[in-house]
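*Asks:* Below are the structure tokens for one structure; questions will follow.
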Number of protein chains: 2
Amino acid sequence: MAATIKDVARACGVHVSTVSRTFSAPHLVNPATRSRVLAAADDLGYRPNRAARALTTGRTYNMGLIVADIANPFFPPLIKAAQAQARGRDYHVFVADTDEDPRVEEELIRTLTKQVDGVLLCSPRLSNRMIERLAEDVPFVVVNRRIKGMPAVLMNVAQGAKLALEHLAGLGHHRIALVSGPIGSWTSNEMQGVAAEAPGLDLVFFGPNQPTEAGGLAVAPDVAACGATAVLAYNDLVALGVIEGLAAMEIGVPDQISVVGFDDILPGRLNRPKLTTVAMPTVAAGRMAVDLLLQSGGEGATVTLDTALIVRESTGRAQ
Amino acid sequence: MAATIKDVARACGVHVSTVSRTFSAPHLVNPATRSRVLAAADDLGYRPNRAARALTTGRTYNMGLIVADIANPFFPPLIKAAQAQARGRDYHVFVADTDEDPRVEEELIRTLTKQVDGVLLCSPRLSNRMIERLAEDVPFVVVNRRIKGMPAVLMNVAQGAKLALEHLAGLGHHRIALVSGPIGSWTSNEMQGVAAEAPGLDLVFFGPNQPTEAGGLAVAPDVAACGATAVLAYNDLVALGVIEGLAAMEIGVPDQISVVGFDDILPGRLNRPKLTTVAMPTVAAGRMAVDLLLQSGGEGATVTLDTALIVRESTGRAQ
DNA sequence: CTGAAAGCGCTAACAC
DNA sequence: GTGTTAGCGCTTTCAG
């Protein structure tokens, strides 16, 4: 059914190698024959078989994209952007979800290795050592993780946290609750770094917490009890949970307590009050990760992308 | 670097075909040699090259999954489920986003064709004729679309709409606004079918609308003006937009007007009031689509999945 | 500029 | 039970 290079060769009376050249090195073939070949190919609906081609060239024109959880609203924009960028470079992308399980992640990478030219690892759960080991067999680009000598796309969480804190301070808030996420996560670490050197603010730390709405809901009472007039949450989901928990206690946002999230996911934009948040550059990160992977020379290049504070309705002047 | 079948063969002094058999037909090889081969393979970190294998067997163990918009919250759960199911069947999945553009969709399918054993088309934008044409080269399963003789996974929107209408009627609502989506969409058509034979309800139709929050926001004034006490929206995004538009006019939900959405996406669950909605079986659909594709015999099998009404806080008794 | 031949990694008859 | 041979679809020397 699907036409092969042979069919095309036969159809226009040339050798297969000429057909091959027409597609992979057009300048090496006589314009006249070239157009005959092209015509025949078009006529038969011929497309080179990329997998077969990869066998000899070593380039698959495929890449892997591994994320912890596709359904986490943080990832879809990144996946979409990466996939679009890849398509623009004539690449296809295998998308896989690890269910946050390191073993699944490892196995996935192993089975993908031969089939791709590289893998994008987003917020990987694997140990650095394991990643370095796997990297011997296939190039990686890691997102939101720093591994010596490995290309990485980082989001400037520290800068975002600083922006958020300044915004809050500017509104007259002094005592601010810092609602962190899971232990050891990139974002949590960065946030704490900033907190440590906060400009004369009174920061109250809460954590670790689940990085979900439930996590936020659960700490809301403690947050309310600690006397803070504002909270900076690990991510938007947590922020939304905090707001809901506060509402259950009849504490208004932003009238009584201001809340800032991280990520800028869709639910935050639809919420009422609309969430003030530090927008993560997920779209840029997806694009950049693809570019980093493709510019093979990029030995360990690290790109840090800026975040941006988006002020909406969940923050207001301190009472 | 990555070990090939030859390396393994050499390492344990057997012919490559024996190594090959050890992996693809273990029962045909002597247990003793088999374990020697396995040991050597394990030692070298050998994994069969799936692309090379596909060249002779014709099975790639890859599939394509094409959606209109990865970032639309309707799709991620489906993508996640499909990908997980595929992994369980030892398949990898190429995920691609068409940006709602039929031409991109067509080109994507064409370049994917040779590389996959089949393609899952979710809410495709292509014409039936084009899909049928492309299906000559690669098996398809379509989701939320009916094409004669083609395996399909359908979501029972009509049943869901009926459930929602009954729920509303039970709460004393008679005049109900039907806020539809784009013309010709599967869901819109199904909803209208049900509306046509509504059990003595006074249905007011609004449409077409953009299937987004903005779409809902835009019709909110008309909905308010028509005197309806309840609205059934095309999807959750539209429903959320309607609620927001109503709020801007100081019309409370559910106190003054009840709102029901479709899909059960995350933002609806986080909203206040939490959205009453018809849950679409996206997870089941993703799984089922994969199964349908793999049980090759499945000539045109069509599976219809039930929806479920989830009553939350955006509906209440009619005033 | 084009054809011939070898080979990528693997499987699949077919012998022995 | 295992080796031999041919070949999947394509690229890439190497001749001519």
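As shown in the structure tokens, the chain order sets the letters A, B, ...; within each chain, residues go from 1, and ligands are also counted from 1 in the order they appear.
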Using only C-alpha atoms, what table do you get, as CSV, when you list each residue of chain A with an atom no more than 8 Å from chain B, its nearest pair of atoms, and their distance in Å rounded to one decimal, rows by chain then rising number?
*Replies:*
```
residue,atom,partner,partner_atom,distance
A:Met1,CA,B:Asp137,CA,7.0
A:Ala2,CA,B:Asp137,CA,6.3
A:Arg47,CA,B:Thr111,CA,7.5
A:Asn49,CA,B:Lys114,CA,6.0
A:Arg50,CA,B:Gln115,CA,7.1
A:Ala51,CA,B:Ala51,CA,5.8
A:Ala52,CA,B:Leu55,CA,6.8
A:Leu55,CA,B:Ala52,CA,6.8
A:Asp69,CA,B:Lys80,CA,7.8
A:Ile70,CA,B:Lys80,CA,5.7
A:Ala71,CA,B:Pro76,CA,5.0
A:Pro73,CA,B:Pro73,CA,7.6
A:Pro76,CA,B:Ala71,CA,5.0
A:Pro77,CA,B:Ala71,CA,5.4
A:Ile79,CA,B:Ile70,CA,7.5
A:Lys80,CA,B:Ile70,CA,5.7
A:Gln83,CA,B:Ala96,CA,6.5
A:Ala84,CA,B:Asp97,CA,7.3
A:His92,CA,B:Phe94,CA,6.8
A:Val93,CA,B:Phe94,CA,5.4
A:Phe94,CA,B:Phe94,CA,4.3
A:Val95,CA,B:Val95,CA,5.9
A:Ala96,CA,B:Gln83,CA,6.5
A:Asp97,CA,B:Lys80,CA,6.8
A:Thr111,CA,B:Arg47,CA,7.5
A:Lys114,CA,B:Asn49,CA,5.9
A:Gln115,CA,B:Ala51,CA,6.6
A:Asp137,CA,B:Ala2,CA,6.3
A:Leu240,CA,B:Leu270,CA,7.4
A:Leu266,CA,B:Pro267,CA,7.1
A:Pro267,CA,B:Pro267,CA,4.4
A:Gly268,CA,B:Pro267,CA,7.9
A:Leu270,CA,B:Pro267,CA,7.0
A:Asn271,CA,B:Asn271,CA,5.6
A:Arg272,CA,B:Arg272,CA,7.0
```
*Asks:* Identify all chain C residues at most 7 Å from chain A by counting only C-alpha atoms (C1' of nucleotides); ligands do not count. Present them as a list in words.
*Replies:*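 Every residue of chain C that passes the 7 Å test is in DC1, DT2, DG3 and DC8 of chain C.
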*Asks:* Determine which residues of chain D sit within 8 Å of chain B, taking into account only C-alpha atoms (C1' of nucleotides), and present them as a PyMOL selection string.
*Replies:* chain D and resi 1-3+8-9
*Asks:* Next, dump the selected residues to file, keeping only N, CA, C and O atoms (P, O5', C5', C4', C3', O3' and C1' of nucleotides), as a PDB file, in the first residue's frame.
*Replies:*
```pdb
ATOM      1  P    DG D   1      14.108 -27.616  21.580  1.00  0.00           P
ATOM      2  O5'  DG D   1      15.427 -26.822  21.181  1.00  0.00           O
ATOM      3  C5'  DG D   1      16.538 -27.026  22.003  1.00  0.00           C
ATOM      4  C4'  DG D   1      17.767 -26.618  21.240  1.00  0.00           C
ATOM      5  C3'  DG D   1      17.986 -25.107  21.183  1.00  0.00           C
ATOM      6  O3'  DG D   1      19.392 -24.908  21.256  1.00  0.00           O
ATOM      7  C1'  DG D   1      17.789 -25.960  18.986  1.00  0.00           C
ATOM      8  P    DT D   2      20.052 -23.530  21.428  1.00  0.00           P
ATOM      9  O5'  DT D   2      20.621 -23.185  19.995  1.00  0.00           O
ATOM     10  C5'  DT D   2      21.788 -23.881  19.559  1.00  0.00           C
ATOM     11  C4'  DT D   2      22.012 -23.594  18.101  1.00  0.00           C
ATOM     12  C3'  DT D   2      22.276 -22.126  17.768  1.00  0.00           C
ATOM     13  O3'  DT D   2      23.577 -22.064  17.230  1.00  0.00           O
ATOM     14  C1'  DT D   2      20.801 -23.125  16.207  1.00  0.00           C
ATOM     15  P    DG D   3      24.322 -20.707  16.977  1.00  0.00           P
ATOM     16  O5'  DG D   3      24.502 -20.765  15.399  1.00  0.00           O
ATOM     17  C5'  DG D   3      25.264 -21.831  14.851  1.00  0.00           C
ATOM     18  C4'  DG D   3      25.005 -21.929  13.360  1.00  0.00           C
ATOM     19  C3'  DG D   3      25.384 -20.673  12.570  1.00  0.00           C
ATOM     20  O3'  DG D   3      26.070 -21.069  11.389  1.00  0.00           O
ATOM     21  C1'  DG D   3      23.134 -21.253  12.127  1.00  0.00           C
ATOM     22  P    DC D   8      12.719  -6.515   0.645  1.00  0.00           P
ATOM     23  O5'  DC D   8      11.937  -5.667   1.744  1.00  0.00           O
ATOM     24  C5'  DC D   8      11.004  -6.265   2.640  1.00  0.00           C
ATOM     25  C4'  DC D   8      10.983  -5.424   3.907  1.00  0.00           C
ATOM     26  C3'  DC D   8      11.193  -3.945   3.629  1.00  0.00           C
ATOM     27  O3'  DC D   8       9.924  -3.296   3.633  1.00  0.00           O
ATOM     28  C1'  DC D   8      12.557  -4.716   5.466  1.00  0.00           C
ATOM     29  P    DG D   9       9.534  -2.344   2.423  1.00  0.00           P
ATOM     30  O5'  DG D   9      10.377  -1.037   2.725  1.00  0.00           O
ATOM     31  C5'  DG D   9      10.073  -0.248   3.873  1.00  0.00           C
ATOM     32  C4'  DG D   9      11.079   0.882   3.954  1.00  0.00           C
ATOM     33  C3'  DG D   9      11.243   1.674   2.660  1.00  0.00           C
ATOM     34  O3'  DG D   9      11.158   3.049   2.983  1.00  0.00           O
ATOM     35  C1'  DG D   9      13.339   0.901   3.412  1.00  0.00           C
TER      36       DG D   9
END
```
*Asks:* Output as a list in words all residues of segment 85-198 of chain B that backbone DSSP marks as strand (DSSP E).
*Replies:*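 Restricting segment 85-198 of chain B to strand (DSSP E) produces His92, Val93, Phe94, Val95, Ala96, Asp97, Val119, Leu120, Leu121, Cys122, Phe140, Val141, Val142, Val143, Ala152, Val153, Leu154, Met155, Arg175, Ile176, Ala177, Leu178 and Val179 of chain B.
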*Asks:* Among segment 187-231 of chain B, which ones does DSSP place in alpha helix (DSSP H), written as an MDAnalysis selection string?
*Replies:* chainID B and resid 187:196 213:225
*Asks:* For a test of reading the model, state the distance in Å between atom CA of Ala9 of chain A and atom C1' of DA4 of chain C, rounded to one decimal.
*Replies:*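 Answer for the atom CA of Ala9 of chain A to atom C1' of DA4 of chain C separation: 14.5 Å.
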*Asks:* Which residues come within 12 Å of DA6 of chain C, counting only C-alpha atoms (C1' of nucleotides), excluding same-chain residues fewer than 5 positions away, as a PyMOL selection string?
*Replies:* (chain A and resi 56) or (chain D and resi 11-14)
*Asks:* Include all heavy atoms and write out the residues we just selected as a compact mmCIF listing (two decimals), in the first residue's frame.
*Replies:*
```txt
# COMPACT_ATOMS: atom_id res chain seq x y z
N THR A 56 20.05 4.16 9.07
CA THR A 56 21.35 4.45 8.48
C THR A 56 21.94 5.77 8.95
O THR A 56 23.14 5.87 9.16
CB THR A 56 21.29 4.47 6.94
OG1 THR A 56 20.19 5.24 6.54
CG2 THR A 56 21.16 3.07 6.41
P DT D 11 16.78 8.21 2.63
OP1 DT D 11 16.55 9.48 3.35
OP2 DT D 11 16.53 8.10 1.18
O5' DT D 11 18.28 7.77 2.93
C5' DT D 11 18.72 7.77 4.28
C4' DT D 11 20.17 7.35 4.36
O4' DT D 11 20.37 6.06 3.73
C3' DT D 11 21.17 8.30 3.71
O3' DT D 11 22.26 8.36 4.61
C2' DT D 11 21.54 7.60 2.42
C1' DT D 11 21.47 6.13 2.85
N1 DT D 11 21.21 5.10 1.81
C2 DT D 11 22.06 4.03 1.73
O2 DT D 11 23.04 3.89 2.44
N3 DT D 11 21.71 3.07 0.79
C4 DT D 11 20.62 3.10 -0.05
O4 DT D 11 20.40 2.19 -0.83
C5 DT D 11 19.77 4.26 0.08
C7 DT D 11 18.56 4.39 -0.78
C6 DT D 11 20.10 5.20 0.99
P DT D 12 23.32 9.56 4.53
OP1 DT D 12 23.58 10.01 5.90
OP2 DT D 12 22.85 10.50 3.51
O5' DT D 12 24.62 8.83 3.99
C5' DT D 12 25.03 7.61 4.60
C4' DT D 12 26.09 6.93 3.74
O4' DT D 12 25.45 6.08 2.75
C3' DT D 12 26.98 7.90 2.97
O3' DT D 12 28.32 7.46 3.12
C2' DT D 12 26.51 7.76 1.53
C1' DT D 12 26.08 6.29 1.51
N1 DT D 12 25.10 5.93 0.46
C2 DT D 12 25.18 4.68 -0.12
O2 DT D 12 26.03 3.86 0.19
N3 DT D 12 24.23 4.41 -1.06
C4 DT D 12 23.22 5.28 -1.48
O4 DT D 12 22.43 4.92 -2.33
C5 DT D 12 23.20 6.57 -0.84
C7 DT D 12 22.16 7.56 -1.21
C6 DT D 12 24.12 6.83 0.09
P DT D 13 29.53 8.49 3.18
OP1 DT D 13 30.63 7.81 3.89
OP2 DT D 13 29.04 9.79 3.62
O5' DT D 13 29.93 8.61 1.64
C5' DT D 13 31.24 8.31 1.24
C4' DT D 13 31.52 6.81 1.24
O4' DT D 13 30.31 6.08 0.92
C3' DT D 13 32.56 6.45 0.20
O3' DT D 13 33.60 5.65 0.73
C2' DT D 13 31.78 5.72 -0.90
C1' DT D 13 30.50 5.29 -0.23
N1 DT D 13 29.32 5.49 -1.15
C2 DT D 13 28.94 4.48 -1.97
O2 DT D 13 29.52 3.40 -2.02
N3 DT D 13 27.85 4.76 -2.77
C4 DT D 13 27.12 5.92 -2.80
O4 DT D 13 26.17 6.04 -3.56
C5 DT D 13 27.58 6.95 -1.91
C7 DT D 13 26.87 8.24 -1.86
C6 DT D 13 28.65 6.70 -1.14
P DC D 14 34.98 5.58 -0.02
OP1 DC D 14 35.81 4.61 0.74
OP2 DC D 14 35.45 6.95 -0.29
O5' DC D 14 34.59 4.92 -1.44
C5' DC D 14 34.15 3.56 -1.48
C4' DC D 14 33.80 3.20 -2.90
O4' DC D 14 32.48 3.71 -3.23
C3' DC D 14 34.76 3.80 -3.93
O3' DC D 14 35.29 2.76 -4.75
C2' DC D 14 33.90 4.77 -4.74
C1' DC D 14 32.50 4.18 -4.55
N1 DC D 14 31.41 5.18 -4.70
C2 DC D 14 30.29 4.87 -5.49
O2 DC D 14 30.24 3.77 -6.03
N3 DC D 14 29.31 5.79 -5.62
C4 DC D 14 29.41 6.98 -5.01
N4 DC D 14 28.41 7.85 -5.16
C5 DC D 14 30.55 7.32 -4.21
C6 DC D 14 31.51 6.40 -4.07
```
*Asks:* Considering only C-alpha atoms (C1' of nucleotides), return as a ChimeraX atom specification whatever protein or nucleic-acid residues lie within 8 Å of Thr229 of chain A, sequence-local ones (same chain, fewer than 2 positions apart) excluded.
*Replies:* /A:173-177,227,231,256-258,318-319
*Asks:* Write the residues of the preceding selection, restricted to N, CA, C and O atoms, as a PDB file, in the first residue's frame.
*Replies:*
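out-v8.pdb written:
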```pdb
ATOM      1  N   HIS A 173       1.914  44.849  53.771  1.00  0.00           N
ATOM      2  CA  HIS A 173       1.953  43.587  54.519  1.00  0.00           C
ATOM      3  C   HIS A 173       3.337  43.381  55.126  1.00  0.00           C
ATOM      4  O   HIS A 173       4.353  43.629  54.486  1.00  0.00           O
ATOM      5  N   HIS A 174       3.361  42.915  56.360  1.00  0.00           N
ATOM      6  CA  HIS A 174       4.636  42.648  57.015  1.00  0.00           C
ATOM      7  C   HIS A 174       4.759  41.174  57.399  1.00  0.00           C
ATOM      8  O   HIS A 174       5.755  40.535  57.160  1.00  0.00           O
ATOM      9  N   ARG A 175       3.701  40.693  58.011  1.00  0.00           N
ATOM     10  CA  ARG A 175       3.730  39.303  58.438  1.00  0.00           C
ATOM     11  C   ARG A 175       3.115  38.468  57.300  1.00  0.00           C
ATOM     12  O   ARG A 175       1.924  38.581  56.991  1.00  0.00           O
ATOM     13  N   ILE A 176       3.966  37.642  56.713  1.00  0.00           N
ATOM     14  CA  ILE A 176       3.527  36.889  55.537  1.00  0.00           C
ATOM     15  C   ILE A 176       3.752  35.397  55.715  1.00  0.00           C
ATOM     16  O   ILE A 176       4.838  34.969  56.128  1.00  0.00           O
ATOM     17  N   ALA A 177       2.720  34.625  55.429  1.00  0.00           N
ATOM     18  CA  ALA A 177       2.846  33.162  55.542  1.00  0.00           C
ATOM     19  C   ALA A 177       3.424  32.601  54.257  1.00  0.00           C
ATOM     20  O   ALA A 177       2.977  32.935  53.160  1.00  0.00           O
ATOM     21  N   GLY A 227      -1.689  34.914  62.310  1.00  0.00           N
ATOM     22  CA  GLY A 227      -1.708  36.367  62.293  1.00  0.00           C
ATOM     23  C   GLY A 227      -1.123  37.024  61.054  1.00  0.00           C
ATOM     24  O   GLY A 227      -0.973  38.237  61.008  1.00  0.00           O
ATOM     25  N   VAL A 231      -0.369  35.655  52.217  1.00  0.00           N
ATOM     26  CA  VAL A 231       0.307  34.379  52.044  1.00  0.00           C
ATOM     27  C   VAL A 231       0.869  34.265  50.631  1.00  0.00           C
ATOM     28  O   VAL A 231       0.270  34.715  49.650  1.00  0.00           O
ATOM     29  N   GLN A 256      -9.364  40.605  53.959  1.00  0.00           N
ATOM     30  CA  GLN A 256      -8.687  40.356  55.225  1.00  0.00           C
ATOM     31  C   GLN A 256      -7.284  39.769  55.036  1.00  0.00           C
ATOM     32  O   GLN A 256      -6.367  40.101  55.757  1.00  0.00           O
ATOM     33  N   ILE A 257      -7.170  38.886  54.078  1.00  0.00           N
ATOM     34  CA  ILE A 257      -5.865  38.282  53.802  1.00  0.00           C
ATOM     35  C   ILE A 257      -5.621  38.286  52.296  1.00  0.00           C
ATOM     36  O   ILE A 257      -6.527  38.000  51.511  1.00  0.00           O
ATOM     37  N   SER A 258      -4.401  38.641  51.918  1.00  0.00           N
ATOM     38  CA  SER A 258      -4.027  38.611  50.506  1.00  0.00           C
ATOM     39  C   SER A 258      -3.354  37.292  50.187  1.00  0.00           C
ATOM     40  O   SER A 258      -2.661  36.725  51.025  1.00  0.00           O
ATOM     41  N   ALA A 318      -2.983  45.897  53.108  1.00  0.00           N
ATOM     42  CA  ALA A 318      -3.099  45.281  54.432  1.00  0.00           C
ATOM     43  C   ALA A 318      -4.019  46.137  55.279  1.00  0.00           C
ATOM     44  O   ALA A 318      -4.040  47.361  55.142  1.00  0.00           O
ATOM     45  N   GLN A 319      -4.781  45.471  56.155  1.00  0.00           N
ATOM     46  CA  GLN A 319      -5.710  46.240  57.015  1.00  0.00           C
ATOM     47  C   GLN A 319      -4.957  46.845  58.185  1.00  0.00           C
ATOM     48  O   GLN A 319      -4.295  46.183  58.930  1.00  0.00           O
TER      49      GLN A 319
END
```
*Asks:* What is the atom CA of Leu134 of chain A to atom CA of Glu106 of chain A distance in Å?
*Replies:*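 About the pair atom CA of Leu134 of chain A and atom CA of Glu106 of chain A: they are 8.2 Å apart.
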*Asks:* I'd like the neighbourhood of Pro281 of chain B as a PDB file with all heavy atoms, in the first residue's frame, where a residue qualifies if any of its atoms comes within 10 Å (using only C-alpha atoms (C1' of nucleotides)), though same-chain residues fewer than 4 positions away should be ignored.
*Replies:*
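And here's selection22.pdb as it stands now:
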```
ATOM      1  N   PRO B  77      -6.674  14.905  30.691  1.00  0.00           N
ATOM      2  CA  PRO B  77      -7.001  13.620  31.308  1.00  0.00           C
ATOM      3  C   PRO B  77      -7.103  12.501  30.272  1.00  0.00           C
ATOM      4  O   PRO B  77      -6.701  11.369  30.522  1.00  0.00           O
ATOM      5  CB  PRO B  77      -8.350  13.874  31.978  1.00  0.00           C
ATOM      6  CG  PRO B  77      -8.389  15.350  32.195  1.00  0.00           C
ATOM      7  CD  PRO B  77      -7.661  15.939  31.016  1.00  0.00           C
ATOM      8  N   LEU B  78      -7.614  12.828  29.107  1.00  0.00           N
ATOM      9  CA  LEU B  78      -7.728  11.833  28.041  1.00  0.00           C
ATOM     10  C   LEU B  78      -6.338  11.414  27.557  1.00  0.00           C
ATOM     11  O   LEU B  78      -6.044  10.221  27.390  1.00  0.00           O
ATOM     12  CB  LEU B  78      -8.556  12.429  26.891  1.00  0.00           C
ATOM     13  CG  LEU B  78      -8.988  11.484  25.778  1.00  0.00           C
ATOM     14  CD1 LEU B  78     -10.233  12.033  25.087  1.00  0.00           C
ATOM     15  CD2 LEU B  78      -7.897  11.276  24.756  1.00  0.00           C
ATOM     16  N   LEU B 154     -17.505   7.204  21.491  1.00  0.00           N
ATOM     17  CA  LEU B 154     -18.432   8.328  21.590  1.00  0.00           C
ATOM     18  C   LEU B 154     -18.793   8.565  23.048  1.00  0.00           C
ATOM     19  O   LEU B 154     -18.852   7.639  23.838  1.00  0.00           O
ATOM     20  CB  LEU B 154     -19.702   7.995  20.802  1.00  0.00           C
ATOM     21  CG  LEU B 154     -19.811   8.357  19.326  1.00  0.00           C
ATOM     22  CD1 LEU B 154     -18.481   8.682  18.686  1.00  0.00           C
ATOM     23  CD2 LEU B 154     -20.501   7.232  18.567  1.00  0.00           C
ATOM     24  N   MET B 155     -19.043   9.811  23.360  1.00  0.00           N
ATOM     25  CA  MET B 155     -19.493  10.101  24.716  1.00  0.00           C
ATOM     26  C   MET B 155     -20.978  10.438  24.635  1.00  0.00           C
ATOM     27  O   MET B 155     -21.388  11.210  23.765  1.00  0.00           O
ATOM     28  CB  MET B 155     -18.711  11.283  25.276  1.00  0.00           C
ATOM     29  CG  MET B 155     -17.206  11.044  25.215  1.00  0.00           C
ATOM     30  SD  MET B 155     -16.264  12.303  26.080  1.00  0.00           S
ATOM     31  CE  MET B 155     -14.575  11.828  25.628  1.00  0.00           C
ATOM     32  N   ASN B 156     -21.717   9.838  25.514  1.00  0.00           N
ATOM     33  CA  ASN B 156     -23.162   9.979  25.419  1.00  0.00           C
ATOM     34  C   ASN B 156     -23.651  11.327  25.945  1.00  0.00           C
ATOM     35  O   ASN B 156     -24.218  11.442  27.030  1.00  0.00           O
ATOM     36  CB  ASN B 156     -23.839   8.833  26.150  1.00  0.00           C
ATOM     37  CG  ASN B 156     -25.248   8.635  25.653  1.00  0.00           C
ATOM     38  OD1 ASN B 156     -25.838   9.563  25.079  1.00  0.00           O
ATOM     39  ND2 ASN B 156     -25.787   7.456  25.860  1.00  0.00           N
ATOM     40  N   ASP B 263     -18.417  18.562  30.914  1.00  0.00           N
ATOM     41  CA  ASP B 263     -17.012  18.142  30.837  1.00  0.00           C
ATOM     42  C   ASP B 263     -16.423  17.753  32.184  1.00  0.00           C
ATOM     43  O   ASP B 263     -15.689  16.795  32.275  1.00  0.00           O
ATOM     44  CB  ASP B 263     -16.074  19.225  30.258  1.00  0.00           C
ATOM     45  CG  ASP B 263     -16.273  19.437  28.768  1.00  0.00           C
ATOM     46  OD1 ASP B 263     -17.080  18.703  28.180  1.00  0.00           O
ATOM     47  OD2 ASP B 263     -15.632  20.344  28.214  1.00  0.00           O
ATOM     48  N   ASP B 264     -16.713  18.543  33.208  1.00  0.00           N
ATOM     49  CA  ASP B 264     -16.077  18.327  34.510  1.00  0.00           C
ATOM     50  C   ASP B 264     -14.575  18.541  34.459  1.00  0.00           C
ATOM     51  O   ASP B 264     -13.787  17.646  34.767  1.00  0.00           O
ATOM     52  CB  ASP B 264     -16.381  16.929  35.062  1.00  0.00           C
ATOM     53  CG  ASP B 264     -15.890  16.783  36.494  1.00  0.00           C
ATOM     54  OD1 ASP B 264     -15.830  17.808  37.192  1.00  0.00           O
ATOM     55  OD2 ASP B 264     -15.541  15.654  36.888  1.00  0.00           O
ATOM     56  N   ALA B 285     -12.527   7.135  27.883  1.00  0.00           N
ATOM     57  CA  ALA B 285     -12.428   7.273  26.427  1.00  0.00           C
ATOM     58  C   ALA B 285     -10.990   7.086  25.956  1.00  0.00           C
ATOM     59  O   ALA B 285     -10.737   6.427  24.945  1.00  0.00           O
ATOM     60  CB  ALA B 285     -12.951   8.645  25.997  1.00  0.00           C
ATOM     61  N   GLY B 286     -10.048   7.654  26.684  1.00  0.00           N
ATOM     62  CA  GLY B 286      -8.650   7.508  26.310  1.00  0.00           C
ATOM     63  C   GLY B 286      -8.226   6.047  26.328  1.00  0.00           C
ATOM     64  O   GLY B 286      -7.618   5.541  25.391  1.00  0.00           O
ATOM     65  N   THR B 304     -19.996   3.533  22.986  1.00  0.00           N
ATOM     66  CA  THR B 304     -20.560   4.762  23.525  1.00  0.00           C
ATOM     67  C   THR B 304     -20.439   4.728  25.038  1.00  0.00           C
ATOM     68  O   THR B 304     -20.908   3.790  25.688  1.00  0.00           O
ATOM     69  CB  THR B 304     -22.037   4.901  23.122  1.00  0.00           C
ATOM     70  OG1 THR B 304     -22.118   4.932  21.697  1.00  0.00           O
ATOM     71  CG2 THR B 304     -22.605   6.200  23.672  1.00  0.00           C
ATOM     72  N   LEU B 305     -19.799   5.744  25.558  1.00  0.00           N
ATOM     73  CA  LEU B 305     -19.558   5.800  26.997  1.00  0.00           C
ATOM     74  C   LEU B 305     -20.563   6.719  27.682  1.00  0.00           C
ATOM     75  O   LEU B 305     -20.843   7.819  27.198  1.00  0.00           O
ATOM     76  CB  LEU B 305     -18.149   6.343  27.232  1.00  0.00           C
ATOM     77  CG  LEU B 305     -16.968   5.391  27.390  1.00  0.00           C
ATOM     78  CD1 LEU B 305     -17.261   3.976  26.912  1.00  0.00           C
ATOM     79  CD2 LEU B 305     -15.745   5.952  26.690  1.00  0.00           C
ATOM     80  N   ASP B 306     -21.059   6.280  28.820  1.00  0.00           N
ATOM     81  CA  ASP B 306     -22.030   7.097  29.536  1.00  0.00           C
ATOM     82  C   ASP B 306     -21.393   8.289  30.236  1.00  0.00           C
ATOM     83  O   ASP B 306     -20.243   8.258  30.636  1.00  0.00           O
ATOM     84  CB  ASP B 306     -22.751   6.243  30.580  1.00  0.00           C
ATOM     85  CG  ASP B 306     -23.964   5.576  29.980  1.00  0.00           C
ATOM     86  OD1 ASP B 306     -24.260   5.873  28.806  1.00  0.00           O
ATOM     87  OD2 ASP B 306     -24.599   4.768  30.675  1.00  0.00           O
ATOM     88  N   THR B 307     -22.178   9.305  30.359  1.00  0.00           N
ATOM     89  CA  THR B 307     -21.762  10.490  31.100  1.00  0.00           C
ATOM     90  C   THR B 307     -22.455  10.430  32.458  1.00  0.00           C
ATOM     91  O   THR B 307     -23.300   9.567  32.685  1.00  0.00           O
ATOM     92  CB  THR B 307     -22.218  11.757  30.364  1.00  0.00           C
ATOM     93  OG1 THR B 307     -23.608  11.624  30.072  1.00  0.00           O
ATOM     94  CG2 THR B 307     -21.462  11.914  29.059  1.00  0.00           C
ATOM     95  N   ALA B 308     -22.078  11.332  33.344  1.00  0.00           N
ATOM     96  CA  ALA B 308     -22.684  11.311  34.674  1.00  0.00           C
ATOM     97  C   ALA B 308     -22.901  12.734  35.164  1.00  0.00           C
ATOM     98  O   ALA B 308     -22.052  13.602  34.966  1.00  0.00           O
ATOM     99  CB  ALA B 308     -21.784  10.564  35.638  1.00  0.00           C
TER     100      ALA B 308
END
```
*Asks:* Would you kindly return, as a VMD selection string, each protein, DNA or RNA residue with an atom no farther than 10 Å from any atom of Ala135 of chain A, considering only C-alpha atoms (C1' of nucleotides) and excluding same-chain residues fewer than 4 positions away?
*Replies:* chain A and resid 109 113 118 to 119 129 to 131 139 to 141 150
*Asks:* For atom CA of Leu203 of chain A and atom CA of Leu178 of chain A, determine how far apart the two atoms are, in Å to one decimal place.
*Replies:*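 These atoms are spaced 6.6 Å apart.
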